[in-house]
Amino acid sequence: MAEEKTTAPAEEVTEAKQETKVEAPAQDPKEFLESFDWEKYEQGIERVEDSKLKEFETLVAENFVDTADEEVVEGTVVYLTDREAIIDINAKSEGVISLNEFRYNPDLKVGDKVEVLIDIREDKSGQLVLSHRKARTIMAWDRVNAAHDKEEVVTGFVKCRTKGGMIVDVFGIEAFLPGSQIDVKPIRDYDQYVGKTMEFKVVKINHEFKNVVVSHKALIEADIEEQKKEIISQLEKGQVLEGVVKNITSYGVFIDLGGVDGLVHITDLSWSRINHPNEVVELDQKLNVVILDFDDNKSRIQLGLKQLSKHPWDALSEEIKIGDKVKGKVVVIADYGAFIEVAEGVEGLIHVSEMSWSTHLRSAQDFVKVGDAVEAVVLTLDREDRKMSLGIKQLTPDPWTDITTKYPVGSRHKGIVRNFTNFGVFVELEEGIDGLIYISDLSWTKKVKHPSEFVTVGDTLEVEVLELDVDGRKLSLGHKQTTENPWDKYEKEFALGTVHKAAITEIVDKGATIDFNDDITAFVPQRHLEKEDGKKLGKGEEAEFKIIEFNKEFKRVVASHTAIFREEEQRNVRAAAKKAKASADEAKPTLGDANEKLQALKDKMEADSKKK
């Protein structure tokens, strides 16, 4: 055996040495540096071959980071604690970074590559301190600009809410995410996105103010646009599609058909009347709708929901017929009547004239209000035109049936004033029985120009039935007839020539008026206001007046103050004339005296004749 070793060819020995040299593992530079005694080397105690030293210096330069340089390097996470991450950057020792700097990346794990900046070469404990945040900040703007220019998708961490949107951490930069750019549909709860990692597109950069705006909506709009084109190309009238309630307004509901929006008008939501669409649908609700119509470019799509169900009139029971009683709910009130929903989507109209037996029409609101449950009688029914008229008053007997018994002519009753007209007052004796009092039948003595001067709506009046028209359903009533006609007794009290004392009540155009009592108002003509001294009576001045006209039929009384003293003057004139006449009569000669004088004259003439 020994001989074989000595006799082995030299070439084989050389090859074996070479193989051994090749197979020998190279020393790890890191291991070399850790075991190498630099102090002995510097003191010259331990010598190292120059070639070997140069080789190791080259290896160290190639494989280890110079911790003196403030540059961003890539490290590997080698260990994680509750608070820190241990990072290997190929330096003499690992570095430490607080986990707070990785809040944007809660899924950080051992083996992940991260960018770091050497913050402190050695702290008090000789530990290498690194910063991931600073490294990200240095690199962030380059990455953001590159992402914006190349329209790349970036990942960001939603940190918090702010006015109008969200704050997102992108590469360590706080970017703004507007609320309108979160999704293609309106977002009502922003808080649901806080703490989430999402993909974004950089849409705007303001280098002057260091502002970055990102959008998540932009990422899905392109896909939606393609989907929208495909959907629009396949749209047909009558097509039924599934959609999601995107928005609710007072006039209708917007439905998302998968990138294409359509509108369901409020009238197409339900066969029944509704006040607001939210009575039928709610946000984010999925439902089927039918395409009713769209414009030429299909940008405005009209949808229907109620059209997917059978028309309620078609489902209305065939047993319902004219004269039947039905129950329903008041859904709409107009001045002319009320609409009653007797079945879902089936309505009937109760005209105001069918709400009461009264011929004096009132507003429908006087009888019912929206939401009332009512019972009515079917008056007309047209299934083809889908119309139905109803009546409420038919549920009670017609009060005019025995009107002649209850309200004969001459009978007296009490009623309530319901309305005025220029010519009279409408008085309700009972529900369905109205009568008219003409203005001339309100008072025996007062001249009423308008009924509002005499009564007010709601007053209770005693009335007497004057006329009754059963066929025309009309009652003529009177109020003054319930009291005695005062003109009968005043005919004697205020007879022609009688004198009464009163004060001037009012001065009018052609004279004045005076009130002798509550019933009698007399008129004094202008020329009969003159006093004895030539002046005229004024308002409020009291004096005596003589009745110079009393007309019971036309209820007219005329009085005069001037006639009082003028009549006295006439009496004085007549007395003076009589006295003067008497005096004249006394001075006039009698016939006997004349005869005596004539006889004396005759005797004298005869005597004179004899003397001659």
# chains A, B, ... in the order shown; residues from 1 in each chain; ligands from 1
>>> residues_around(residues="stretch 367-378 of chain A", least_positions_apart="4", cutoff="6 Å", atoms="only C-alpha atoms", output="number ranges by chain")
A: 322-331, 390-392
>>> select_by_dssp(residues="stretch 422-559 of chain A", states="strand (DSSP E or B)", output="number ranges by chain")
A: 424-430, 433-438, 460-469, 474-478, 499-508, 511-515, 521-525, 530, 536, 542-551, 556-559
>>> residues_around(residues="A:Ala147", least_positions_apart="3", cutoff="12 Å", atoms="only C-alpha atoms", output="PDB file with all heavy atoms, in the first residue's frame")
ATOM      1  N   ALA A 140     -39.886  59.008  -2.368  1.00  0.00           N
ATOM      2  CA  ALA A 140     -41.314  59.133  -2.661  1.00  0.00           C
ATOM      3  C   ALA A 140     -41.604  59.997  -3.876  1.00  0.00           C
ATOM      4  O   ALA A 140     -42.382  59.613  -4.756  1.00  0.00           O
ATOM      5  CB  ALA A 140     -42.059  59.675  -1.441  1.00  0.00           C
ATOM      6  N   TRP A 141     -41.014  61.206  -3.912  1.00  0.00           N
ATOM      7  CA  TRP A 141     -41.361  62.121  -4.986  1.00  0.00           C
ATOM      8  C   TRP A 141     -40.938  61.582  -6.352  1.00  0.00           C
ATOM      9  O   TRP A 141     -41.647  61.770  -7.339  1.00  0.00           O
ATOM     10  CB  TRP A 141     -40.742  63.498  -4.738  1.00  0.00           C
ATOM     11  CG  TRP A 141     -41.555  64.259  -3.735  1.00  0.00           C
ATOM     12  CD1 TRP A 141     -41.294  64.445  -2.430  1.00  0.00           C
ATOM     13  CD2 TRP A 141     -42.810  64.886  -3.988  1.00  0.00           C
ATOM     14  NE1 TRP A 141     -42.288  65.154  -1.822  1.00  0.00           N
ATOM     15  CE2 TRP A 141     -43.236  65.459  -2.761  1.00  0.00           C
ATOM     16  CE3 TRP A 141     -43.611  65.037  -5.110  1.00  0.00           C
ATOM     17  CZ2 TRP A 141     -44.419  66.155  -2.642  1.00  0.00           C
ATOM     18  CZ3 TRP A 141     -44.789  65.744  -4.988  1.00  0.00           C
ATOM     19  CH2 TRP A 141     -45.194  66.289  -3.770  1.00  0.00           C
ATOM     20  N   ASP A 142     -39.797  60.903  -6.378  1.00  0.00           N
ATOM     21  CA  ASP A 142     -39.384  60.291  -7.648  1.00  0.00           C
ATOM     22  C   ASP A 142     -40.395  59.239  -8.081  1.00  0.00           C
ATOM     23  O   ASP A 142     -40.763  59.141  -9.255  1.00  0.00           O
ATOM     24  CB  ASP A 142     -37.995  59.657  -7.505  1.00  0.00           C
ATOM     25  CG  ASP A 142     -36.915  60.707  -7.317  1.00  0.00           C
ATOM     26  OD1 ASP A 142     -37.167  61.869  -7.699  1.00  0.00           O
ATOM     27  OD2 ASP A 142     -35.837  60.377  -6.783  1.00  0.00           O
ATOM     28  N   ARG A 143     -40.848  58.444  -7.118  1.00  0.00           N
ATOM     29  CA  ARG A 143     -41.806  57.384  -7.437  1.00  0.00           C
ATOM     30  C   ARG A 143     -43.163  57.966  -7.840  1.00  0.00           C
ATOM     31  O   ARG A 143     -43.818  57.469  -8.763  1.00  0.00           O
ATOM     32  CB  ARG A 143     -41.970  56.453  -6.237  1.00  0.00           C
ATOM     33  CG  ARG A 143     -40.735  55.612  -5.952  1.00  0.00           C
ATOM     34  CD  ARG A 143     -40.989  54.686  -4.796  1.00  0.00           C
ATOM     35  NE  ARG A 143     -39.853  53.792  -4.569  1.00  0.00           N
ATOM     36  CZ  ARG A 143     -39.831  52.873  -3.609  1.00  0.00           C
ATOM     37  NH1 ARG A 143     -40.858  52.741  -2.803  1.00  0.00           N
ATOM     38  NH2 ARG A 143     -38.765  52.100  -3.464  1.00  0.00           N
ATOM     39  N   VAL A 144     -43.573  59.014  -7.098  1.00  0.00           N
ATOM     40  CA  VAL A 144     -44.873  59.625  -7.394  1.00  0.00           C
ATOM     41  C   VAL A 144     -44.862  60.237  -8.792  1.00  0.00           C
ATOM     42  O   VAL A 144     -45.803  60.066  -9.575  1.00  0.00           O
ATOM     43  CB  VAL A 144     -45.230  60.685  -6.332  1.00  0.00           C
ATOM     44  CG1 VAL A 144     -46.380  61.569  -6.806  1.00  0.00           C
ATOM     45  CG2 VAL A 144     -45.601  60.027  -5.030  1.00  0.00           C
ATOM     46  N   LYS A 150     -46.170  57.734 -15.969  1.00  0.00           N
ATOM     47  CA  LYS A 150     -46.396  56.446 -16.628  1.00  0.00           C
ATOM     48  C   LYS A 150     -47.812  55.908 -16.400  1.00  0.00           C
ATOM     49  O   LYS A 150     -48.140  54.808 -16.881  1.00  0.00           O
ATOM     50  CB  LYS A 150     -45.380  55.423 -16.111  1.00  0.00           C
ATOM     51  CG  LYS A 150     -43.941  55.796 -16.424  1.00  0.00           C
ATOM     52  CD  LYS A 150     -42.979  54.768 -15.826  1.00  0.00           C
ATOM     53  CE  LYS A 150     -41.519  55.158 -16.083  1.00  0.00           C
ATOM     54  NZ  LYS A 150     -40.582  54.160 -15.485  1.00  0.00           N
ATOM     55  N   GLU A 151     -48.634  56.686 -15.616  1.00  0.00           N
ATOM     56  CA  GLU A 151     -50.012  56.270 -15.296  1.00  0.00           C
ATOM     57  C   GLU A 151     -50.026  54.884 -14.649  1.00  0.00           C
ATOM     58  O   GLU A 151     -50.860  54.032 -14.959  1.00  0.00           O
ATOM     59  CB  GLU A 151     -50.895  56.279 -16.548  1.00  0.00           C
ATOM     60  CG  GLU A 151     -51.057  57.657 -17.160  1.00  0.00           C
ATOM     61  CD  GLU A 151     -52.041  57.674 -18.308  1.00  0.00           C
ATOM     62  OE1 GLU A 151     -52.526  56.581 -18.680  1.00  0.00           O
ATOM     63  OE2 GLU A 151     -52.329  58.756 -18.834  1.00  0.00           O
ATOM     64  N   GLU A 152     -49.094  54.695 -13.718  1.00  0.00           N
ATOM     65  CA  GLU A 152     -48.994  53.411 -13.026  1.00  0.00           C
ATOM     66  C   GLU A 152     -49.948  53.379 -11.833  1.00  0.00           C
ATOM     67  O   GLU A 152     -50.336  54.414 -11.282  1.00  0.00           O
ATOM     68  CB  GLU A 152     -47.567  53.192 -12.542  1.00  0.00           C
ATOM     69  CG  GLU A 152     -46.553  53.020 -13.660  1.00  0.00           C
ATOM     70  CD  GLU A 152     -45.145  52.882 -13.105  1.00  0.00           C
ATOM     71  OE1 GLU A 152     -44.942  53.209 -11.914  1.00  0.00           O
ATOM     72  OE2 GLU A 152     -44.248  52.455 -13.863  1.00  0.00           O
ATOM     73  N   VAL A 153     -50.297  52.195 -11.425  1.00  0.00           N
ATOM     74  CA  VAL A 153     -51.131  51.987 -10.243  1.00  0.00           C
ATOM     75  C   VAL A 153     -50.235  51.935  -9.019  1.00  0.00           C
ATOM     76  O   VAL A 153     -49.213  51.219  -9.016  1.00  0.00           O
ATOM     77  CB  VAL A 153     -51.953  50.691 -10.356  1.00  0.00           C
ATOM     78  CG1 VAL A 153     -52.762  50.458  -9.084  1.00  0.00           C
ATOM     79  CG2 VAL A 153     -52.870  50.757 -11.571  1.00  0.00           C
ATOM     80  N   VAL A 154     -50.569  52.691  -7.987  1.00  0.00           N
ATOM     81  CA  VAL A 154     -49.790  52.709  -6.747  1.00  0.00           C
ATOM     82  C   VAL A 154     -50.658  52.203  -5.598  1.00  0.00           C
ATOM     83  O   VAL A 154     -51.887  52.204  -5.677  1.00  0.00           O
ATOM     84  CB  VAL A 154     -49.279  54.131  -6.440  1.00  0.00           C
ATOM     85  CG1 VAL A 154     -48.376  54.628  -7.541  1.00  0.00           C
ATOM     86  CG2 VAL A 154     -50.446  55.098  -6.227  1.00  0.00           C
ATOM     87  N   THR A 155     -49.981  51.761  -4.551  1.00  0.00           N
ATOM     88  CA  THR A 155     -50.671  51.268  -3.363  1.00  0.00           C
ATOM     89  C   THR A 155     -50.538  52.294  -2.253  1.00  0.00           C
ATOM     90  O   THR A 155     -49.448  52.831  -2.024  1.00  0.00           O
ATOM     91  CB  THR A 155     -50.091  49.925  -2.898  1.00  0.00           C
ATOM     92  OG1 THR A 155     -50.223  48.985  -3.958  1.00  0.00           O
ATOM     93  CG2 THR A 155     -50.836  49.411  -1.668  1.00  0.00           C
ATOM     94  N   VAL A 170     -48.987  57.490   0.453  1.00  0.00           N
ATOM     95  CA  VAL A 170     -48.471  56.888  -0.778  1.00  0.00           C
ATOM     96  C   VAL A 170     -46.962  57.113  -0.815  1.00  0.00           C
ATOM     97  O   VAL A 170     -46.504  58.262  -0.916  1.00  0.00           O
ATOM     98  CB  VAL A 170     -49.135  57.512  -2.030  1.00  0.00           C
ATOM     99  CG1 VAL A 170     -48.543  56.900  -3.297  1.00  0.00           C
ATOM    100  CG2 VAL A 170     -50.635  57.310  -1.991  1.00  0.00           C
ATOM    101  N   PHE A 171     -46.194  56.040  -0.698  1.00  0.00           N
ATOM    102  CA  PHE A 171     -44.721  56.123  -0.686  1.00  0.00           C
ATOM    103  C   PHE A 171     -44.235  57.016   0.447  1.00  0.00           C
ATOM    104  O   PHE A 171     -43.169  57.617   0.349  1.00  0.00           O
ATOM    105  CB  PHE A 171     -44.178  56.660  -2.018  1.00  0.00           C
ATOM    106  CG  PHE A 171     -44.593  55.865  -3.216  1.00  0.00           C
ATOM    107  CD1 PHE A 171     -44.984  56.510  -4.388  1.00  0.00           C
ATOM    108  CD2 PHE A 171     -44.584  54.473  -3.191  1.00  0.00           C
ATOM    109  CE1 PHE A 171     -45.359  55.781  -5.497  1.00  0.00           C
ATOM    110  CE2 PHE A 171     -44.960  53.747  -4.298  1.00  0.00           C
ATOM    111  CZ  PHE A 171     -45.352  54.388  -5.454  1.00  0.00           C
ATOM    112  N   PHE A 200     -54.442  53.010  -6.088  1.00  0.00           N
ATOM    113  CA  PHE A 200     -54.829  54.331  -6.549  1.00  0.00           C
ATOM    114  C   PHE A 200     -54.079  54.674  -7.838  1.00  0.00           C
ATOM    115  O   PHE A 200     -53.112  54.012  -8.214  1.00  0.00           O
ATOM    116  CB  PHE A 200     -54.510  55.401  -5.500  1.00  0.00           C
ATOM    117  CG  PHE A 200     -55.169  55.171  -4.177  1.00  0.00           C
ATOM    118  CD1 PHE A 200     -54.474  54.553  -3.149  1.00  0.00           C
ATOM    119  CD2 PHE A 200     -56.468  55.558  -3.971  1.00  0.00           C
ATOM    120  CE1 PHE A 200     -55.080  54.328  -1.924  1.00  0.00           C
ATOM    121  CE2 PHE A 200     -57.082  55.352  -2.749  1.00  0.00           C
ATOM    122  CZ  PHE A 200     -56.389  54.728  -1.722  1.00  0.00           C
ATOM    123  N   LYS A 201     -54.539  55.751  -8.420  1.00  0.00           N
ATOM    124  CA  LYS A 201     -53.880  56.317  -9.586  1.00  0.00           C
ATOM    125  C   LYS A 201     -53.581  57.779  -9.268  1.00  0.00           C
ATOM    126  O   LYS A 201     -54.448  58.512  -8.779  1.00  0.00           O
ATOM    127  CB  LYS A 201     -54.790  56.214 -10.806  1.00  0.00           C
ATOM    128  CG  LYS A 201     -54.086  56.522 -12.111  1.00  0.00           C
ATOM    129  CD  LYS A 201     -55.008  56.229 -13.287  1.00  0.00           C
ATOM    130  CE  LYS A 201     -54.284  56.478 -14.609  1.00  0.00           C
ATOM    131  NZ  LYS A 201     -55.184  56.191 -15.762  1.00  0.00           N
ATOM    132  N   VAL A 202     -52.313  58.199  -9.493  1.00  0.00           N
ATOM    133  CA  VAL A 202     -51.927  59.590  -9.235  1.00  0.00           C
ATOM    134  C   VAL A 202     -52.502  60.446 -10.368  1.00  0.00           C
ATOM    135  O   VAL A 202     -52.136  60.272 -11.532  1.00  0.00           O
ATOM    136  CB  VAL A 202     -50.401  59.748  -9.164  1.00  0.00           C
ATOM    137  CG1 VAL A 202     -50.041  61.203  -8.893  1.00  0.00           C
ATOM    138  CG2 VAL A 202     -49.819  58.848  -8.082  1.00  0.00           C
ATOM    139  N   VAL A 203     -53.407  61.349 -10.035  1.00  0.00           N
ATOM    140  CA  VAL A 203     -54.094  62.139 -11.063  1.00  0.00           C
ATOM    141  C   VAL A 203     -53.602  63.583 -11.129  1.00  0.00           C
ATOM    142  O   VAL A 203     -53.793  64.247 -12.140  1.00  0.00           O
ATOM    143  CB  VAL A 203     -55.621  62.117 -10.834  1.00  0.00           C
ATOM    144  CG1 VAL A 203     -56.172  60.724 -11.022  1.00  0.00           C
ATOM    145  CG2 VAL A 203     -55.983  62.640  -9.446  1.00  0.00           C
ATOM    146  N   LYS A 204     -52.940  64.064 -10.055  1.00  0.00           N
ATOM    147  CA  LYS A 204     -52.497  65.450 -10.068  1.00  0.00           C
ATOM    148  C   LYS A 204     -51.370  65.645  -9.070  1.00  0.00           C
ATOM    149  O   LYS A 204     -51.411  65.113  -7.965  1.00  0.00           O
ATOM    150  CB  LYS A 204     -53.664  66.396  -9.731  1.00  0.00           C
ATOM    151  CG  LYS A 204     -53.337  67.874  -9.862  1.00  0.00           C
ATOM    152  CD  LYS A 204     -54.567  68.724  -9.572  1.00  0.00           C
ATOM    153  CE  LYS A 204     -54.255  70.201  -9.712  1.00  0.00           C
ATOM    154  NZ  LYS A 204     -55.432  71.049  -9.414  1.00  0.00           N
ATOM    155  N   ILE A 205     -50.353  66.443  -9.489  1.00  0.00           N
ATOM    156  CA  ILE A 205     -49.236  66.776  -8.613  1.00  0.00           C
ATOM    157  C   ILE A 205     -48.997  68.280  -8.685  1.00  0.00           C
ATOM    158  O   ILE A 205     -48.858  68.841  -9.771  1.00  0.00           O
ATOM    159  CB  ILE A 205     -47.941  66.030  -9.007  1.00  0.00           C
ATOM    160  CG1 ILE A 205     -48.132  64.525  -8.901  1.00  0.00           C
ATOM    161  CG2 ILE A 205     -46.772  66.477  -8.119  1.00  0.00           C
ATOM    162  CD1 ILE A 205     -46.940  63.729  -9.352  1.00  0.00           C
ATOM    163  N   VAL A 212     -50.346  66.157  -3.633  1.00  0.00           N
ATOM    164  CA  VAL A 212     -50.592  65.030  -4.529  1.00  0.00           C
ATOM    165  C   VAL A 212     -52.053  64.625  -4.394  1.00  0.00           C
ATOM    166  O   VAL A 212     -52.565  64.490  -3.273  1.00  0.00           O
ATOM    167  CB  VAL A 212     -49.692  63.820  -4.189  1.00  0.00           C
ATOM    168  CG1 VAL A 212     -50.007  62.640  -5.105  1.00  0.00           C
ATOM    169  CG2 VAL A 212     -48.230  64.211  -4.309  1.00  0.00           C
ATOM    170  N   VAL A 214     -54.853  61.697  -5.517  1.00  0.00           N
ATOM    171  CA  VAL A 214     -54.978  60.343  -6.064  1.00  0.00           C
ATOM    172  C   VAL A 214     -56.446  60.005  -6.260  1.00  0.00           C
ATOM    173  O   VAL A 214     -57.334  60.669  -5.718  1.00  0.00           O
ATOM    174  CB  VAL A 214     -54.305  59.308  -5.131  1.00  0.00           C
ATOM    175  CG1 VAL A 214     -52.816  59.541  -5.052  1.00  0.00           C
ATOM    176  CG2 VAL A 214     -54.944  59.343  -3.741  1.00  0.00           C
TER     177      VAL A 214
END
>>> atom_distance(atom1="atom CA of A:Asn211", atom2="atom CA of A:Tyr104")
19.0 Å
>>> residues_around(residues="stretch 218-230 of chain A", least_positions_apart="3", cutoff="12 Å", atoms="only C-alpha atoms", output="PyMOL selection string")
chain A and resi 151-155+177-178+180-185+198-203+213-215+233-235+256-262+297-299
>>> write_last_selection(atoms="N, CA and C atoms", output="tab-separated table (two decimals), in the first residue's frame")
chain	number	residue	atom	x	y	z
A	151	GLU	N	-48.63	56.69	-15.62
A	151	GLU	CA	-50.01	56.27	-15.30
A	151	GLU	C	-50.03	54.88	-14.65
A	152	GLU	N	-49.09	54.69	-13.72
A	152	GLU	CA	-48.99	53.41	-13.03
A	152	GLU	C	-49.95	53.38	-11.83
A	153	VAL	N	-50.30	52.20	-11.43
A	153	VAL	CA	-51.13	51.99	-10.24
A	153	VAL	C	-50.24	51.93	-9.02
A	154	VAL	N	-50.57	52.69	-7.99
A	154	VAL	CA	-49.79	52.71	-6.75
A	154	VAL	C	-50.66	52.20	-5.60
A	155	THR	N	-49.98	51.76	-4.55
A	155	THR	CA	-50.67	51.27	-3.36
A	155	THR	C	-50.54	52.29	-2.25
A	177	LEU	N	-57.26	62.18	-1.23
A	177	LEU	CA	-58.22	61.39	-2.00
A	177	LEU	C	-59.59	62.06	-1.88
A	178	PRO	N	-60.05	62.81	-2.90
A	178	PRO	CA	-61.38	63.46	-2.82
A	178	PRO	C	-62.48	62.42	-2.65
A	180	SER	N	-65.27	62.32	-4.06
A	180	SER	CA	-65.86	61.95	-5.35
A	180	SER	C	-65.00	60.97	-6.13
A	181	GLN	N	-63.74	60.77	-5.66
A	181	GLN	CA	-62.83	59.87	-6.37
A	181	GLN	C	-62.63	58.54	-5.66
A	182	ILE	N	-63.46	58.28	-4.65
A	182	ILE	CA	-63.33	57.01	-3.94
A	182	ILE	C	-63.95	55.88	-4.74
A	183	ASP	N	-65.15	56.16	-5.29
A	183	ASP	CA	-65.84	55.11	-6.04
A	183	ASP	C	-66.71	55.77	-7.09
A	184	VAL	N	-67.24	54.98	-7.99
A	184	VAL	CA	-68.11	55.51	-9.04
A	184	VAL	C	-69.50	55.83	-8.50
A	185	LYS	N	-69.85	55.26	-7.38
A	185	LYS	CA	-71.15	55.55	-6.77
A	185	LYS	C	-70.94	56.43	-5.55
A	198	MET	N	-55.33	50.36	-0.28
A	198	MET	CA	-56.05	50.32	-1.55
A	198	MET	C	-55.12	50.73	-2.68
A	199	GLU	N	-55.56	50.45	-3.88
A	199	GLU	CA	-54.82	50.85	-5.06
A	199	GLU	C	-55.37	52.18	-5.59
A	200	PHE	N	-54.44	53.01	-6.09
A	200	PHE	CA	-54.83	54.33	-6.55
A	200	PHE	C	-54.08	54.67	-7.84
A	201	LYS	N	-54.54	55.75	-8.42
A	201	LYS	CA	-53.88	56.32	-9.59
A	201	LYS	C	-53.58	57.78	-9.27
A	202	VAL	N	-52.31	58.20	-9.49
A	202	VAL	CA	-51.93	59.59	-9.23
A	202	VAL	C	-52.50	60.45	-10.37
A	203	VAL	N	-53.41	61.35	-10.03
A	203	VAL	CA	-54.09	62.14	-11.06
A	203	VAL	C	-53.60	63.58	-11.13
A	213	VAL	N	-52.74	64.45	-5.52
A	213	VAL	CA	-54.14	64.02	-5.53
A	213	VAL	C	-54.20	62.65	-6.20
A	214	VAL	N	-54.85	61.70	-5.52
A	214	VAL	CA	-54.98	60.34	-6.06
A	214	VAL	C	-56.45	60.01	-6.26
A	215	SER	N	-56.70	58.96	-7.02
A	215	SER	CA	-58.07	58.54	-7.31
A	215	SER	C	-58.16	57.02	-7.36
A	233	SER	N	-74.97	48.72	-26.13
A	233	SER	CA	-75.15	48.12	-27.45
A	233	SER	C	-76.22	47.02	-27.45
A	234	GLN	N	-76.50	46.47	-26.27
A	234	GLN	CA	-77.46	45.37	-26.18
A	234	GLN	C	-78.82	45.80	-25.66
A	235	LEU	N	-79.00	47.11	-25.38
A	235	LEU	CA	-80.27	47.56	-24.80
A	235	LEU	C	-81.40	47.46	-25.81
A	256	ASP	N	-78.31	51.80	-11.14
A	256	ASP	CA	-77.04	51.43	-11.78
A	256	ASP	C	-77.22	50.05	-12.40
A	257	LEU	N	-77.12	50.02	-13.74
A	257	LEU	CA	-77.31	48.77	-14.47
A	257	LEU	C	-75.98	48.09	-14.77
A	258	GLY	N	-74.93	48.47	-14.03
A	258	GLY	CA	-73.62	47.89	-14.26
A	258	GLY	C	-72.75	48.83	-15.05
A	259	GLY	N	-72.75	50.11	-14.66
A	259	GLY	CA	-71.98	51.11	-15.37
A	259	GLY	C	-72.85	52.06	-16.17
A	260	VAL	N	-74.10	51.69	-16.37
A	260	VAL	CA	-75.06	52.52	-17.08
A	260	VAL	C	-76.18	52.89	-16.11
A	261	ASP	N	-76.50	54.17	-16.06
A	261	ASP	CA	-77.55	54.63	-15.15
A	261	ASP	C	-78.86	54.81	-15.91
A	262	GLY	N	-79.95	54.42	-15.26
A	262	GLY	CA	-81.29	54.65	-15.79
A	262	GLY	C	-82.16	55.26	-14.71
A	297	ASN	N	-78.89	58.16	-28.57
A	297	ASN	CA	-77.56	57.66	-28.20
A	297	ASN	C	-77.59	56.83	-26.91
A	298	LYS	N	-78.78	56.57	-26.43
A	298	LYS	CA	-78.99	55.71	-25.25
A	298	LYS	C	-78.30	56.25	-24.00
A	299	SER	N	-78.18	57.57	-23.93
A	299	SER	CA	-77.56	58.17	-22.75
A	299	SER	C	-78.59	58.43	-21.66
>>> closest_residue(among="A:Arg300, A:Lys446, A:Arg527, A:Arg473", to="A:Arg556", atoms="only C-alpha atoms")
A:Lys446
>>> closest_residue(among="A:Val72, A:Leu466, A:Ile87, A:Leu305", to="A:Ser270", atoms="only C-alpha atoms")
A:Leu305
>>> closest_residue(among="A:Tyr407, A:Val524, A:Phe102, A:His500", to="A:Glu544", atoms="only C-alpha atoms")
A:His500
>>> atom_distance(atom1="atom CA of A:Ala135", atom2="atom CA of A:Val116")
5.0 Å
>>> atom_distance(atom1="atom CA of A:Gly95", atom2="atom CA of A:Glu115")
12.1 Å
>>> residues_around(residues="A:Lys321", least_positions_apart="6", cutoff="9 Å", atoms="only C-alpha atoms", output="NGL selection string")
:A and (378-381)
>>> write_last_selection(atoms="N, CA and C atoms", output="mmCIF file, in the first residue's frame")
data_model
loop_
_atom_site.group_PDB
_atom_site.id
_atom_site.type_symbol
_atom_site.label_atom_id
_atom_site.label_comp_id
_atom_site.auth_asym_id
_atom_site.auth_seq_id
_atom_site.Cartn_x
_atom_site.Cartn_y
_atom_site.Cartn_z
ATOM 1 N N VAL A 378 -120.284 52.292 -4.838
ATOM 2 C CA VAL A 378 -119.859 52.370 -6.233
ATOM 3 C C VAL A 378 -120.999 52.943 -7.054
ATOM 4 N N LEU A 379 -120.757 54.108 -7.694
ATOM 5 C CA LEU A 379 -121.786 54.760 -8.507
ATOM 6 C C LEU A 379 -121.625 54.411 -9.986
ATOM 7 N N THR A 380 -120.389 54.455 -10.477
ATOM 8 C CA THR A 380 -120.107 54.052 -11.865
ATOM 9 C C THR A 380 -118.845 53.203 -11.865
ATOM 10 N N LEU A 381 -118.733 52.308 -12.862
ATOM 11 C CA LEU A 381 -117.581 51.427 -12.952
ATOM 12 C C LEU A 381 -117.300 51.122 -14.425
#
>>> residues_around(residues="A:Gly345", least_positions_apart="3", cutoff="6 Å", atoms="only C-alpha atoms", output="list in words")
Trp271, Ser272 and Pro312 of chain A
>>> write_last_selection(atoms="N, CA, C and O atoms", output="short mmCIF file (atom, residue, chain, number, x, y, z; two decimals), in the first residue's frame")
data_model
loop_
_atom_site.label_atom_id
_atom_site.label_comp_id
_atom_site.auth_asym_id
_atom_site.auth_seq_id
_atom_site.Cartn_x
_atom_site.Cartn_y
_atom_site.Cartn_z
N TRP A 271 -97.99 50.98 -8.88
CA TRP A 271 -99.34 51.25 -9.40
C TRP A 271 -100.11 52.12 -8.43
O TRP A 271 -101.03 52.83 -8.82
N SER A 272 -99.74 52.09 -7.17
CA SER A 272 -100.38 52.93 -6.16
C SER A 272 -99.72 54.30 -6.14
O SER A 272 -98.56 54.46 -6.55
N PRO A 312 -103.26 46.47 -11.58
CA PRO A 312 -104.26 46.18 -10.53
C PRO A 312 -105.69 46.12 -11.05
O PRO A 312 -106.50 45.36 -10.53
#
>>> residues_around(residues="A:Leu269", least_positions_apart="5", cutoff="7 Å", atoms="only C-alpha atoms", output="list in words")
Val264, Gly304, Leu305 and Lys306 of chain A
>>> closest_residue(among="A:Glu344, A:Asp509, A:Asp515, A:Asp119", to="A:Ile274", atoms="only C-alpha atoms")
A:Glu344
>>> closest_residue(among="A:Asn100, A:Thr513, A:Asn145, A:Asn419", to="A:His207", atoms="only C-alpha atoms")
A:Asn145
>>> select_by_dssp(residues="stretch 272-494 of chain A", states="alpha helix (DSSP H)", output="list in words")
Ile403, Thr404, Thr405, Lys406, Pro486, Trp487, Asp488, Lys489, Tyr490, Glu491, Lys492 and Glu493 of chain A
>>> closest_residue(among="A:Glu318, A:Asp295, A:Asp191, A:Glu101", to="A:Glu84", atoms="only C-alpha atoms")
A:Glu101
